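A.B. asks: Quick one: the structure is below, questions incoming.
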Amino acid sequence: MNAIIDILSELKNVIFPNVCPACHNNVMPQGRLVCTPCLCELPFTDHFDHHDNKVASHFYGRVKIYSAAGLLYFRENSFVQDIVHSFKYNHNKEIGIVLGKMAGEKMLMSSGFRQAEVIIPVPLHPKKEYVRGYNQSFVFGEAIAKTMKIEVLNDVLVKGKSNESQTGKNRIERVKNVLETYDLKNKDKIKNKHVVLVDDVITTGATLEACIMTLYEALPSKISVVTLACAQ
Ligand SMILES: [Zn+2]
């Protein structure tokens with residue numbers, strides 16, 4: 001039986017080769033994020049070793065956080081953008097899992113994240129999740145949680161009303177707009193705990209800020225933030 005499964009798996013690889021999402025040229029082995037040349041080029045940040053960093057600076061003077069970090073730098077038309085796109089829209093969950101493991105390993109080595117107790121992904125609107133088949137932040141967060149041997153919870157911070165368009169709104173209006181769209185359930189699950197909120201890409205920080213303000217109502221001991229990618 002195992003032999004048949006192996007043959008079928010080989011056959012699948014021949015028919016649907018696992019093409020590198022970054023360069024679209026090289027075929028790579030199963031379970032790999034990108035091909036070897038692209039892996040060497042991935043622009044990792046140094047945020048896990050530096051408390052004062054680009055992601056943390058989004059929250060200065062706005063909302064209190066303990067630690068913040070992005071895993072990769074994100075630029076328009078860069079291959080990190082291709083990777084994120086492939087993860088979000090091409091059903092390439094494997095990318096988020098591999099990057100989540102990498103983030104988890106960095107967190108275990110980082111004084112700002114080592115003591116984290118719970119991972120909370122930024123929720124996606126149920127309609128969007130249905131269309132996409134998964135919440136990319138949950139996939140990323142679940143891989144972090146498994147690596148750190150801690151819990152990931154998707155039943156504490158939940159999506160409320162649908163987002164109005166953020167276009168044409170100033171920062172305060174944007175925060176207010178998204179603030180109304182998150183709700184808390186099962187508050188006791190994060191009370192007195194060091195919570196790490198995770199998301200795919202941080203742009204203005206307005207979504208994360210709204211999530212953090214909502215999470216504080218459940219009285220966690222600390223809130224930290226980890227994103228898969230951030231602007232350089
Ligand atoms: Zn490649």
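Letters for chains follow the order of the structure tokens (A, B, ...), residue numbers begin at 1 for each chain, and ligand numbers begin at 1 in the order shown.
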Go through chain A and flag each residue having an atom no more than 8 Å from ligand 1; for those, report the closest pair of atoms plus their distance in Å to one decimal, using only C-alpha atoms and all ligand atoms, ordered by chain and rising number, as CSV.
C.D. replies:
```
residue,atom,partner,partner_atom_place_in_ligand_line,distance
A:Val19,CA,ligand 1,1 (Zn),8.0
A:Cys20,CA,ligand 1,1 (Zn),4.7
A:Pro21,CA,ligand 1,1 (Zn),6.7
A:Ala22,CA,ligand 1,1 (Zn),5.0
A:Cys23,CA,ligand 1,1 (Zn),4.1
A:His24,CA,ligand 1,1 (Zn),6.2
A:Asn25,CA,ligand 1,1 (Zn),6.3
A:Asn26,CA,ligand 1,1 (Zn),5.6
A:Val27,CA,ligand 1,1 (Zn),8.0
A:Val34,CA,ligand 1,1 (Zn),5.4
A:Cys35,CA,ligand 1,1 (Zn),4.3
A:Thr36,CA,ligand 1,1 (Zn),6.8
A:Pro37,CA,ligand 1,1 (Zn),6.0
A:Cys38,CA,ligand 1,1 (Zn),4.4
A:Leu39,CA,ligand 1,1 (Zn),7.4
```
A.B. asks: Can I get the selected residues back with N, CA and C atoms, as a short mmCIF file (atom, residue, chain, number, x, y, z; two decimals), in the first residue's frame?
C.D. replies:
```
data_model
loop_
_atom_site.label_atom_id
_atom_site.label_comp_id
_atom_site.auth_asym_id
_atom_site.auth_seq_id
_atom_site.Cartn_x
_atom_site.Cartn_y
_atom_site.Cartn_z
N VAL A 19 6.92 24.27 -8.44
CA VAL A 19 7.78 25.33 -8.98
C VAL A 19 8.02 26.39 -7.92
N CYS A 20 9.23 26.89 -7.86
CA CYS A 20 9.59 27.91 -6.88
C CYS A 20 8.69 29.14 -7.05
N PRO A 21 7.97 29.58 -5.98
CA PRO A 21 7.05 30.71 -6.12
C PRO A 21 7.78 32.05 -6.28
N ALA A 22 9.08 32.06 -5.99
CA ALA A 22 9.82 33.32 -6.08
C ALA A 22 10.35 33.57 -7.48
N CYS A 23 11.01 32.58 -8.09
CA CYS A 23 11.62 32.81 -9.41
C CYS A 23 10.84 32.14 -10.54
N HIS A 24 9.93 31.24 -10.19
CA HIS A 24 9.10 30.51 -11.16
C HIS A 24 9.94 29.68 -12.14
N ASN A 25 11.23 29.52 -11.86
CA ASN A 25 12.10 28.77 -12.78
C ASN A 25 12.41 27.39 -12.26
N ASN A 26 12.92 27.33 -11.05
CA ASN A 26 13.43 26.06 -10.54
C ASN A 26 12.34 25.24 -9.87
N VAL A 27 12.45 23.94 -10.06
CA VAL A 27 11.56 23.01 -9.38
C VAL A 27 12.25 22.65 -8.07
N VAL A 34 11.25 27.86 -1.00
CA VAL A 34 11.70 28.38 -2.30
C VAL A 34 12.91 27.54 -2.70
N CYS A 35 13.37 27.71 -3.94
CA CYS A 35 14.54 26.95 -4.39
C CYS A 35 15.79 27.46 -3.64
N THR A 36 16.86 26.70 -3.69
CA THR A 36 18.05 27.06 -2.91
C THR A 36 18.62 28.44 -3.26
N PRO A 37 18.76 28.79 -4.56
CA PRO A 37 19.27 30.15 -4.85
C PRO A 37 18.40 31.24 -4.23
N CYS A 38 17.07 31.04 -4.28
CA CYS A 38 16.16 32.06 -3.72
C CYS A 38 16.24 32.08 -2.19
N LEU A 39 16.40 30.92 -1.57
CA LEU A 39 16.48 30.86 -0.10
C LEU A 39 17.64 31.72 0.41
#
```
A.B. asks: Residues within 12 Å of range 129-132 of chain A, please, as a list in words. Count only C-alpha atoms; anything in the same chain fewer than 2 positions from it doesn't count.
C.D. replies: Ser86, Phe87, Lys88, Tyr89, Asn90, His91, Asn92, Lys93, Val122, Pro123, Leu124, His125, Pro126, Lys127, Tyr134, Asn135, Gln136, Ser137, Phe138, Val139 and Lys159 of chain A
A.B. asks: The selected residues should be written to file as a PDB file, in the first residue's frame (atoms: C-alpha atoms).
C.D. replies:
```pdb
ATOM      1  CA  SER A  86       1.309  32.755  -3.468  1.00  0.00           C
ATOM      2  CA  PHE A  87       0.584  32.050   0.211  1.00  0.00           C
ATOM      3  CA  LYS A  88      -2.569  34.183   0.286  1.00  0.00           C
ATOM      4  CA  TYR A  89      -4.146  33.571  -3.077  1.00  0.00           C
ATOM      5  CA  ASN A  90      -2.664  30.426  -4.678  1.00  0.00           C
ATOM      6  CA  HIS A  91      -3.566  27.952  -1.925  1.00  0.00           C
ATOM      7  CA  ASN A  92       0.140  27.598  -1.170  1.00  0.00           C
ATOM      8  CA  LYS A  93      -0.271  26.955   2.556  1.00  0.00           C
ATOM      9  CA  VAL A 122      -5.673  38.299  13.179  1.00  0.00           C
ATOM     10  CA  PRO A 123      -9.098  36.955  12.149  1.00  0.00           C
ATOM     11  CA  LEU A 124     -10.273  37.077   8.567  1.00  0.00           C
ATOM     12  CA  HIS A 125     -13.856  37.859   7.618  1.00  0.00           C
ATOM     13  CA  PRO A 126     -15.678  34.476   7.386  1.00  0.00           C
ATOM     14  CA  LYS A 127     -16.706  35.163   3.770  1.00  0.00           C
ATOM     15  CA  TYR A 134      -8.058  29.234   5.077  1.00  0.00           C
ATOM     16  CA  ASN A 135      -6.989  32.232   7.151  1.00  0.00           C
ATOM     17  CA  GLN A 136      -3.344  32.834   6.224  1.00  0.00           C
ATOM     18  CA  SER A 137      -2.587  34.398   9.629  1.00  0.00           C
ATOM     19  CA  PHE A 138      -3.901  31.268  11.348  1.00  0.00           C
ATOM     20  CA  VAL A 139      -1.716  28.984   9.178  1.00  0.00           C
ATOM     21  CA  LYS A 159     -14.266  39.265  13.261  1.00  0.00           C
TER      22      LYS A 159
END
```
A.B. asks: Rounded to one decimal, what separation in Å do you get between CA of Met102 in chain A and CA of Ala206 in chain A?
C.D. replies: 25.5 Å
A.B. asks: Check the DSSP output for the backbone and give back, as a list in words, the residues of range 76-142 of chain A in strand (DSSP E).
C.D. replies: Val118, Ile119, Ile120 and Pro121 of chain A
A.B. asks: Those same residues - C-alpha atoms - I'd like them written as a compact mmCIF listing (two decimals), in the first residue's frame.
C.D. replies:
```
# COMPACT_ATOMS: atom_id res chain seq x y z
CA VAL A 118 -0.49 32.07 23.44
CA ILE A 119 -0.61 32.85 19.71
CA ILE A 120 -3.63 34.78 18.40
CA PRO A 121 -3.99 35.20 14.61
```
A.B. asks: CA of Leu42 in chain A to CA of Tyr73 in chain A: how many Å, to one decimal?
C.D. replies: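 Distance between the two atoms: 8.5 Å.
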A.B. asks: As number ranges by chain, please: the residues near range 47-61 of chain A (cut-off 8 Å, only C-alpha atoms, same-chain neighbours under 6 positions excluded).
C.D. replies: A: 67-71, 106-107, 110-112, 202, 204-205, 209, 230, 232
A.B. asks: Write to file, as a CSV table (one decimal), in the first residue's frame, the residues of the selection just made, with N, CA and C atoms.
C.D. replies:
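As a result, part.csv now contains:
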```
chain,number,residue,atom,x,y,z
A,67,SER,N,6.9,43.2,22.7
A,67,SER,CA,7.9,43.0,21.7
A,67,SER,C,7.2,43.0,20.3
A,68,ALA,N,7.9,43.4,19.3
A,68,ALA,CA,7.3,43.3,17.9
A,68,ALA,C,8.4,42.9,17.0
A,69,ALA,N,8.1,42.2,15.9
A,69,ALA,CA,9.0,41.8,14.9
A,69,ALA,C,8.4,41.4,13.6
A,70,GLY,N,9.0,41.6,12.5
A,70,GLY,CA,8.6,41.1,11.2
A,70,GLY,C,9.7,40.1,10.8
A,71,LEU,N,9.3,39.0,10.1
A,71,LEU,CA,10.3,38.0,9.7
A,71,LEU,C,11.1,38.4,8.5
A,106,LYS,N,13.1,31.6,15.6
A,106,LYS,CA,13.7,32.8,16.0
A,106,LYS,C,13.1,33.3,17.4
A,107,MET,N,11.8,33.1,17.5
A,107,MET,CA,11.2,33.6,18.8
A,107,MET,C,11.7,32.8,20.0
A,110,SER,N,14.8,34.5,21.2
A,110,SER,CA,14.7,35.9,21.4
A,110,SER,C,14.2,36.2,22.8
A,111,SER,N,14.9,37.1,23.6
A,111,SER,CA,14.4,37.4,24.9
A,111,SER,C,13.0,38.0,25.0
A,112,GLY,N,12.7,38.7,23.9
A,112,GLY,CA,11.4,39.4,23.8
A,112,GLY,C,10.2,38.4,23.6
A,202,ILE,N,2.4,43.8,7.7
A,202,ILE,CA,2.0,45.0,8.4
A,202,ILE,C,2.2,46.2,7.4
A,204,THR,N,-0.1,49.9,7.5
A,204,THR,CA,-0.2,51.1,8.3
A,204,THR,C,-0.2,50.7,9.8
A,205,GLY,N,-0.5,49.4,10.1
A,205,GLY,CA,-0.5,49.0,11.5
A,205,GLY,C,-1.9,49.2,12.2
A,209,GLU,N,-3.3,47.5,15.5
A,209,GLU,CA,-3.6,48.4,16.6
A,209,GLU,C,-5.0,48.2,17.1
A,230,CYS,N,7.2,42.9,6.5
A,230,CYS,CA,7.0,44.3,6.9
A,230,CYS,C,7.8,45.1,5.9
A,232,GLN,N,10.5,47.8,4.5
A,232,GLN,CA,11.9,48.0,4.9
A,232,GLN,C,12.1,49.5,5.5
```
A.B. asks: Taking 5 positions as the minimum chain separation for residues in the same chain, which residues sit within 8 Å of Ile223 in chain A when counting only C-alpha atoms? Answer as a PyMOL selection string.
C.D. replies: chain A and resi 64-67+194-197+212
A.B. asks: Store the residues picked out above in a file with C-alpha atoms, as a PDB file, in the first residue's frame.
C.D. replies:
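Contents of selection.pdb, as written:
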```pdb
ATOM      1  CA  LYS A  64       1.484  49.526  24.493  1.00  0.00           C
ATOM      2  CA  ILE A  65       3.232  46.404  23.290  1.00  0.00           C
ATOM      3  CA  TYR A  66       5.961  44.214  24.790  1.00  0.00           C
ATOM      4  CA  SER A  67       7.860  43.013  21.682  1.00  0.00           C
ATOM      5  CA  HIS A 194       1.735  36.824  27.276  1.00  0.00           C
ATOM      6  CA  VAL A 195      -0.179  36.929  23.994  1.00  0.00           C
ATOM      7  CA  VAL A 196       1.457  37.177  20.569  1.00  0.00           C
ATOM      8  CA  LEU A 197      -0.772  38.595  17.855  1.00  0.00           C
ATOM      9  CA  ILE A 212      -4.414  45.003  20.326  1.00  0.00           C
TER      10      ILE A 212
END
```
